[in-house]
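Okay, structure first, notes after.
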Amino acid sequence: MRMATWNINSIRARHDRVLAWLERSDVDVLALQETKIDDARFPVESFEKLGYRVAHHGTNQWNGVAVASRIGLEDVQIGVPGLPEYDQAAEARSIGAVCGGVRVWSLYVPNGRAVDDPHYHYKLHWLAVLRDYAEKQLANEPHLQMVLCGDFNIAPTDDDIWSVEYYQGSTHVTGPERQAFTSVVDAGFTDVVRPFHPGPGVYTYWDYTRLSFQKRRGMRIDFALASPALAARVTGAQIDREERKGKGPSDHAPVIVEFRDA
DNA sequence: ATGCCGTACCGTGTACGA
């Protein structure tokens with residue numbers, strides 16, 4: 001089983017690139033973030049033509065997440081249970097589905113905007129709820145096959161950013177955010193890409209401005225965190241930085257993980 | 001300190017991103 005997670009920064013702006021990538025990447029499951037579209041307008045047919053079924057959760061031009069799968073799409077869950085709202089509105093930041101026996105979560109963790117901004121506290125609360133959910137699932141089922149993948153909007157260590165000085169005082173690198181990320185890992189969900197691509201200098205996101213990609217100035221903020229039983233099946237992983245090149249790329253690269261059969 | 005670039009919105013500017 002081959003799966004990927006990718007923040008595409010708009011399915012409308014990225015439609016042709018996403019479908020072309022899907023066609024050549026040979027992934028069975030693709031978790032998407034930032035589709036930036038509502039359910040009614042998501043181009044499900046384009047994915048179906050390539051043999052994928054899609055579960056999408058989007059309410060407006062912000063956020064939006066999806067799971068596309070050619071190996072089954074069962075027990076779709078719109079949102080991790082108990083996640084907080086912002087301004088009395090549930091944002092479309094998580095969707096889960098069982099694909100080929102694995103519960104795949106596509107997550108778009110809140111950005112946080114600025115340290116101590118209300119959105120920053122919302123981000124930390126959101127991550128705490130995610131951690132509690134994941135921990136509980138694992139406690140209920142020791143052989144749980146589950147992966148939490150997506151854009152976590154956190155660079156867990158200084159190796160995951162191109163410059164400590166540049167991000168001084170910014171979100172994504174603060175102690176509380178890194179602790180929130182670590183607590184998900186400590187709940188039993190392992191970063192299964194890192195062993196195959198040790199840092200420093202390995203990134204999944206590069207700012208559109210300032211020629212960041214060309215200058216290799218990025219951040220590693222997109223992850224696949226696997227439950228113990230699923231992590232034991234990992235055979236390889238890639239970060240497809242080629243996809244960040246060319247005309248009209250997303251600012252994030254696809255992250256791919258391969259699992260042996262259960 | 002800001003723009004830098006990119007996306008989407010009843011849009012000729014504003015909000016958001018990380």
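In the structure tokens, chains take the letters A, B, ... in the order shown, each chain's residues start at 1, and ligands count up from 1 in the order shown.
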
Find the residues near Gly218 in chain A: any atom within 10 Å, counting only C-alpha atoms (C1' of nucleotides), skip ones fewer than 6 places away on the same chain, and give them as a PDB file with N, CA and C atoms, in the first residue's frame.
```pdb
ATOM      1  N   ASP A 160      14.241  21.278  11.448  1.00  0.00           N
ATOM      2  CA  ASP A 160      13.125  21.299  10.498  1.00  0.00           C
ATOM      3  C   ASP A 160      12.843  22.682   9.932  1.00  0.00           C
ATOM      4  N   ILE A 161      13.728  23.629  10.197  1.00  0.00           N
ATOM      5  CA  ILE A 161      13.586  24.978   9.623  1.00  0.00           C
ATOM      6  C   ILE A 161      14.940  25.427   9.070  1.00  0.00           C
ATOM      7  N   TRP A 162      14.882  26.254   8.046  1.00  0.00           N
ATOM      8  CA  TRP A 162      16.141  26.644   7.377  1.00  0.00           C
ATOM      9  C   TRP A 162      16.943  27.629   8.198  1.00  0.00           C
ATOM     10  N   SER A 163      16.259  28.371   9.095  1.00  0.00           N
ATOM     11  CA  SER A 163      16.977  29.352   9.908  1.00  0.00           C
ATOM     12  C   SER A 163      16.261  29.566  11.228  1.00  0.00           C
ATOM     13  N   GLY A 201      17.813  20.051   6.935  1.00  0.00           N
ATOM     14  CA  GLY A 201      17.723  20.455   5.533  1.00  0.00           C
ATOM     15  C   GLY A 201      16.678  19.702   4.734  1.00  0.00           C
ATOM     16  N   VAL A 202      15.866  18.874   5.398  1.00  0.00           N
ATOM     17  CA  VAL A 202      14.786  18.164   4.697  1.00  0.00           C
ATOM     18  C   VAL A 202      13.465  18.881   4.987  1.00  0.00           C
ATOM     19  N   TYR A 203      12.828  19.402   3.954  1.00  0.00           N
ATOM     20  CA  TYR A 203      11.628  20.213   4.134  1.00  0.00           C
ATOM     21  C   TYR A 203      10.473  19.707   3.284  1.00  0.00           C
ATOM     22  N   THR A 204       9.264  20.138   3.665  1.00  0.00           N
ATOM     23  CA  THR A 204       8.072  19.795   2.879  1.00  0.00           C
ATOM     24  C   THR A 204       7.338  21.037   2.395  1.00  0.00           C
ATOM     25  N   TYR A 205       7.775  22.206   2.859  1.00  0.00           N
ATOM     26  CA  TYR A 205       7.100  23.471   2.517  1.00  0.00           C
ATOM     27  C   TYR A 205       8.149  24.550   2.256  1.00  0.00           C
ATOM     28  N   TRP A 206       7.903  25.324   1.213  1.00  0.00           N
ATOM     29  CA  TRP A 206       8.770  26.464   0.905  1.00  0.00           C
ATOM     30  C   TRP A 206       7.871  27.636   0.540  1.00  0.00           C
ATOM     31  N   ASP A 207       8.070  28.771   1.210  1.00  0.00           N
ATOM     32  CA  ASP A 207       7.327  29.998   0.938  1.00  0.00           C
ATOM     33  C   ASP A 207       7.421  30.362  -0.545  1.00  0.00           C
ATOM     34  N   SER A 212      12.372  31.167  -2.108  1.00  0.00           N
ATOM     35  CA  SER A 212      12.676  30.270  -0.987  1.00  0.00           C
ATOM     36  C   SER A 212      13.048  28.862  -1.448  1.00  0.00           C
ATOM     37  N   ASP A 251       2.731  25.304  -2.564  1.00  0.00           N
ATOM     38  CA  ASP A 251       3.923  25.623  -1.772  1.00  0.00           C
ATOM     39  C   ASP A 251       4.362  24.442  -0.891  1.00  0.00           C
ATOM     40  N   HIS A 252       3.565  23.364  -0.875  1.00  0.00           N
ATOM     41  CA  HIS A 252       3.938  22.138  -0.162  1.00  0.00           C
ATOM     42  C   HIS A 252       4.230  21.005  -1.153  1.00  0.00           C
TER      43      HIS A 252
END
```

Tyr122 in chain A environment, 8 Å, only C-alpha atoms (C1' of nucleotides), sequence neighbours closer than 4 positions dropped, as a list of chain:residue names: A:Pro84, A:Tyr86, A:Pro110, A:Gly112, A:Pro118, A:Trp126

Those same residues - N, CA and C atoms - I'd like them written as a PDB file, in the first residue's frame.
```pdb
ATOM      1  N   PRO A  84     -12.354  21.661  18.658  1.00  0.00           N
ATOM      2  CA  PRO A  84     -12.975  22.956  18.953  1.00  0.00           C
ATOM      3  C   PRO A  84     -13.408  23.689  17.687  1.00  0.00           C
ATOM      4  N   TYR A  86     -14.031  27.620  15.888  1.00  0.00           N
ATOM      5  CA  TYR A  86     -13.505  28.983  15.997  1.00  0.00           C
ATOM      6  C   TYR A  86     -14.615  29.939  15.625  1.00  0.00           C
ATOM      7  N   PRO A 110      -4.707  24.131  12.490  1.00  0.00           N
ATOM      8  CA  PRO A 110      -4.765  25.594  12.392  1.00  0.00           C
ATOM      9  C   PRO A 110      -3.370  26.222  12.389  1.00  0.00           C
ATOM     10  N   GLY A 112      -2.373  29.280  13.479  1.00  0.00           N
ATOM     11  CA  GLY A 112      -1.975  29.995  14.691  1.00  0.00           C
ATOM     12  C   GLY A 112      -1.769  31.486  14.503  1.00  0.00           C
ATOM     13  N   PRO A 118      -5.594  34.714  19.420  1.00  0.00           N
ATOM     14  CA  PRO A 118      -6.623  33.714  19.732  1.00  0.00           C
ATOM     15  C   PRO A 118      -6.505  32.454  18.868  1.00  0.00           C
ATOM     16  N   TRP A 126      -6.822  22.524  19.679  1.00  0.00           N
ATOM     17  CA  TRP A 126      -7.127  21.593  18.586  1.00  0.00           C
ATOM     18  C   TRP A 126      -6.197  20.375  18.657  1.00  0.00           C
TER      19      TRP A 126
END
```

Find the residues of chain A in contact range of chain B, meaning any atom within 9 Å when counting only C-alpha atoms (C1' of nucleotides), and list them as a PDB file with N, CA and C atoms, in the first residue's frame.
```pdb
ATOM      1  N   ASN A   9      -3.105  23.604  -1.607  1.00  0.00           N
ATOM      2  CA  ASN A   9      -3.383  25.044  -1.705  1.00  0.00           C
ATOM      3  C   ASN A   9      -4.294  25.362  -2.891  1.00  0.00           C
ATOM      4  N   SER A  10      -5.478  24.829  -2.815  1.00  0.00           N
ATOM      5  CA  SER A  10      -6.574  25.041  -3.789  1.00  0.00           C
ATOM      6  C   SER A  10      -6.657  23.965  -4.871  1.00  0.00           C
ATOM      7  N   ALA A  13      -7.011  25.865  -8.396  1.00  0.00           N
ATOM      8  CA  ALA A  13      -5.763  26.347  -8.994  1.00  0.00           C
ATOM      9  C   ALA A  13      -4.825  25.193  -9.343  1.00  0.00           C
ATOM     10  N   LYS A  36      -9.720  24.323  -0.434  1.00  0.00           N
ATOM     11  CA  LYS A  36     -10.277  25.670  -0.628  1.00  0.00           C
ATOM     12  C   LYS A  36     -11.526  25.686  -1.503  1.00  0.00           C
ATOM     13  N   GLN A  61     -14.285  28.853   1.016  1.00  0.00           N
ATOM     14  CA  GLN A  61     -12.988  29.004   0.344  1.00  0.00           C
ATOM     15  C   GLN A  61     -11.788  28.749   1.243  1.00  0.00           C
ATOM     16  N   TRP A  62     -12.062  28.525   2.532  1.00  0.00           N
ATOM     17  CA  TRP A  62     -10.957  28.283   3.464  1.00  0.00           C
ATOM     18  C   TRP A  62     -10.854  26.809   3.812  1.00  0.00           C
ATOM     19  N   ASN A 111      -3.243  27.295  11.655  1.00  0.00           N
ATOM     20  CA  ASN A 111      -1.964  27.994  11.475  1.00  0.00           C
ATOM     21  C   ASN A 111      -1.463  28.668  12.757  1.00  0.00           C
ATOM     22  N   GLY A 112      -2.373  29.280  13.479  1.00  0.00           N
ATOM     23  CA  GLY A 112      -1.975  29.995  14.691  1.00  0.00           C
ATOM     24  C   GLY A 112      -1.769  31.486  14.503  1.00  0.00           C
ATOM     25  N   ARG A 113      -1.412  31.853  13.279  1.00  0.00           N
ATOM     26  CA  ARG A 113      -1.258  33.274  12.896  1.00  0.00           C
ATOM     27  C   ARG A 113      -0.129  33.991  13.629  1.00  0.00           C
ATOM     28  N   ASN A 153       1.461  22.286  10.563  1.00  0.00           N
ATOM     29  CA  ASN A 153       1.826  23.676  10.827  1.00  0.00           C
ATOM     30  C   ASN A 153       2.726  23.817  12.057  1.00  0.00           C
ATOM     31  N   SER A 170       8.173  33.541  15.869  1.00  0.00           N
ATOM     32  CA  SER A 170       7.049  33.174  15.000  1.00  0.00           C
ATOM     33  C   SER A 170       6.320  31.946  15.537  1.00  0.00           C
ATOM     34  N   THR A 171       5.148  31.744  15.012  1.00  0.00           N
ATOM     35  CA  THR A 171       4.456  30.487  15.260  1.00  0.00           C
ATOM     36  C   THR A 171       5.206  29.360  14.532  1.00  0.00           C
ATOM     37  N   HIS A 172       4.751  28.131  14.751  1.00  0.00           N
ATOM     38  CA  HIS A 172       5.290  26.907  14.142  1.00  0.00           C
ATOM     39  C   HIS A 172       6.530  26.361  14.855  1.00  0.00           C
ATOM     40  N   ASP A 207       8.070  28.771   1.210  1.00  0.00           N
ATOM     41  CA  ASP A 207       7.327  29.998   0.938  1.00  0.00           C
ATOM     42  C   ASP A 207       7.421  30.362  -0.545  1.00  0.00           C
ATOM     43  N   TYR A 208       6.311  30.881  -1.076  1.00  0.00           N
ATOM     44  CA  TYR A 208       6.320  31.307  -2.480  1.00  0.00           C
ATOM     45  C   TYR A 208       7.277  32.479  -2.717  1.00  0.00           C
ATOM     46  N   THR A 209       7.470  33.287  -1.696  1.00  0.00           N
ATOM     47  CA  THR A 209       8.226  34.528  -1.899  1.00  0.00           C
ATOM     48  C   THR A 209       9.732  34.317  -1.700  1.00  0.00           C
ATOM     49  N   ARG A 210      10.485  35.316  -2.118  1.00  0.00           N
ATOM     50  CA  ARG A 210      11.925  35.401  -1.849  1.00  0.00           C
ATOM     51  C   ARG A 210      12.725  34.238  -2.428  1.00  0.00           C
ATOM     52  N   LEU A 211      12.200  33.581  -3.483  1.00  0.00           N
ATOM     53  CA  LEU A 211      12.918  32.458  -4.093  1.00  0.00           C
ATOM     54  C   LEU A 211      13.277  31.395  -3.057  1.00  0.00           C
ATOM     55  N   ASP A 251       2.731  25.304  -2.564  1.00  0.00           N
ATOM     56  CA  ASP A 251       3.923  25.623  -1.772  1.00  0.00           C
ATOM     57  C   ASP A 251       4.362  24.442  -0.891  1.00  0.00           C
TER      58      ASP A 251
END
```

Among the residues A:Arg14, A:Arg2, A:Lys215, A:Arg131, the one that comes closest to Val257 in chain A [using only C-alpha atoms]: A:Arg2

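Among the candidates A:Trp6, A:Trp21, A:Tyr52, A:Phe213, the residue lying nearest to Gln33 in chain A is A:Trp6 (atoms considered: only C-alpha atoms).
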
Members of range 48-221 of chain A assigned helix (DSSP H, G or I) by DSSP, as a PyMOL selection string: chain A and resi 48-49+118-140+158-160+175-186+194-196

Would you output that residue set with N, CA and C atoms, as a compact mmCIF listing (two decimals), in the first residue's frame?
```txt
# COMPACT_ATOMS: atom_id res chain seq x y z
N GLU A 48 -12.57 10.13 -9.94
CA GLU A 48 -13.22 8.86 -10.28
C GLU A 48 -12.74 8.33 -11.62
N LYS A 49 -12.46 9.25 -12.54
CA LYS A 49 -11.94 8.82 -13.85
C LYS A 49 -10.62 8.07 -13.72
N PRO A 118 -5.59 34.71 19.42
CA PRO A 118 -6.62 33.71 19.73
C PRO A 118 -6.50 32.45 18.87
N HIS A 119 -6.08 32.62 17.62
CA HIS A 119 -5.90 31.47 16.73
C HIS A 119 -4.78 30.55 17.19
N TYR A 120 -3.81 31.11 17.89
CA TYR A 120 -2.69 30.32 18.42
C TYR A 120 -3.19 29.40 19.54
N HIS A 121 -4.04 29.93 20.39
CA HIS A 121 -4.59 29.12 21.48
C HIS A 121 -5.58 28.08 20.94
N TYR A 122 -6.31 28.48 19.93
CA TYR A 122 -7.19 27.53 19.22
C TYR A 122 -6.38 26.38 18.65
N LYS A 123 -5.23 26.68 18.06
CA LYS A 123 -4.34 25.66 17.50
C LYS A 123 -3.90 24.67 18.57
N LEU A 124 -3.49 25.18 19.72
CA LEU A 124 -3.01 24.31 20.80
C LEU A 124 -4.14 23.44 21.35
N HIS A 125 -5.31 24.03 21.47
CA HIS A 125 -6.47 23.28 21.95
C HIS A 125 -6.82 22.17 20.95
N TRP A 126 -6.82 22.52 19.68
CA TRP A 126 -7.13 21.59 18.59
C TRP A 126 -6.20 20.37 18.66
N LEU A 127 -4.91 20.64 18.86
CA LEU A 127 -3.91 19.57 18.92
C LEU A 127 -4.09 18.71 20.17
N ALA A 128 -4.51 19.32 21.26
CA ALA A 128 -4.73 18.56 22.49
C ALA A 128 -5.90 17.59 22.31
N VAL A 129 -6.94 18.06 21.62
CA VAL A 129 -8.09 17.19 21.35
C VAL A 129 -7.69 16.04 20.41
N LEU A 130 -6.89 16.37 19.41
CA LEU A 130 -6.40 15.33 18.49
C LEU A 130 -5.60 14.28 19.25
N ARG A 131 -4.72 14.73 20.11
CA ARG A 131 -3.92 13.81 20.91
C ARG A 131 -4.79 12.89 21.76
N ASP A 132 -5.78 13.49 22.44
CA ASP A 132 -6.67 12.69 23.30
C ASP A 132 -7.44 11.66 22.48
N TYR A 133 -7.91 12.07 21.33
CA TYR A 133 -8.64 11.15 20.44
C TYR A 133 -7.74 9.98 20.04
N ALA A 134 -6.55 10.31 19.55
CA ALA A 134 -5.63 9.28 19.06
C ALA A 134 -5.25 8.32 20.18
N GLU A 135 -4.98 8.87 21.34
CA GLU A 135 -4.60 8.06 22.50
C GLU A 135 -5.72 7.10 22.88
N LYS A 136 -6.93 7.60 22.86
CA LYS A 136 -8.09 6.78 23.22
C LYS A 136 -8.32 5.66 22.20
N GLN A 137 -8.18 5.98 20.94
CA GLN A 137 -8.34 4.96 19.89
C GLN A 137 -7.35 3.82 20.09
N LEU A 138 -6.12 4.19 20.42
CA LEU A 138 -5.07 3.18 20.60
C LEU A 138 -5.30 2.35 21.86
N ALA A 139 -5.80 3.01 22.89
CA ALA A 139 -6.08 2.29 24.13
C ALA A 139 -7.20 1.26 23.92
N ASN A 140 -8.16 1.63 23.07
CA ASN A 140 -9.28 0.73 22.80
C ASN A 140 -8.88 -0.45 21.92
N ASP A 158 14.59 22.32 15.54
CA ASP A 158 15.33 23.33 14.77
C ASP A 158 15.89 22.76 13.47
N ASP A 159 16.08 21.45 13.41
CA ASP A 159 16.52 20.82 12.15
C ASP A 159 15.46 20.95 11.05
N ASP A 160 14.24 21.28 11.45
CA ASP A 160 13.13 21.30 10.50
C ASP A 160 12.84 22.68 9.93
N GLY A 175 7.76 26.61 21.86
CA GLY A 175 7.76 25.49 22.78
C GLY A 175 6.41 24.81 22.92
N PRO A 176 5.34 25.58 23.17
CA PRO A 176 4.03 24.93 23.32
C PRO A 176 3.57 24.18 22.07
N GLU A 177 3.85 24.72 20.89
CA GLU A 177 3.48 24.01 19.66
C GLU A 177 4.29 22.73 19.51
N ARG A 178 5.59 22.83 19.75
CA ARG A 178 6.43 21.64 19.64
C ARG A 178 6.04 20.60 20.69
N GLN A 179 5.66 21.06 21.88
CA GLN A 179 5.21 20.13 22.92
C GLN A 179 3.91 19.45 22.50
N ALA A 180 3.04 20.21 21.86
CA ALA A 180 1.77 19.63 21.39
C ALA A 180 2.02 18.55 20.35
N PHE A 181 2.96 18.81 19.46
CA PHE A 181 3.31 17.80 18.45
C PHE A 181 3.92 16.57 19.12
N THR A 182 4.86 16.80 20.02
CA THR A 182 5.52 15.70 20.73
C THR A 182 4.52 14.85 21.50
N SER A 183 3.49 15.49 22.02
CA SER A 183 2.52 14.73 22.82
C SER A 183 1.71 13.77 21.95
N VAL A 184 1.50 14.13 20.69
CA VAL A 184 0.85 13.20 19.76
C VAL A 184 1.77 12.02 19.48
N VAL A 185 3.05 12.32 19.27
CA VAL A 185 4.04 11.27 19.04
C VAL A 185 4.13 10.37 20.28
N ASP A 186 4.17 10.99 21.45
CA ASP A 186 4.27 10.23 22.69
C ASP A 186 3.03 9.38 22.96
N ARG A 194 10.67 10.34 8.80
CA ARG A 194 11.97 10.81 9.29
C ARG A 194 13.09 9.79 9.17
N PRO A 195 12.88 8.53 9.54
CA PRO A 195 13.98 7.57 9.46
C PRO A 195 14.57 7.43 8.05
N PHE A 196 13.76 7.69 7.04
CA PHE A 196 14.24 7.55 5.67
C PHE A 196 14.85 8.84 5.13
```
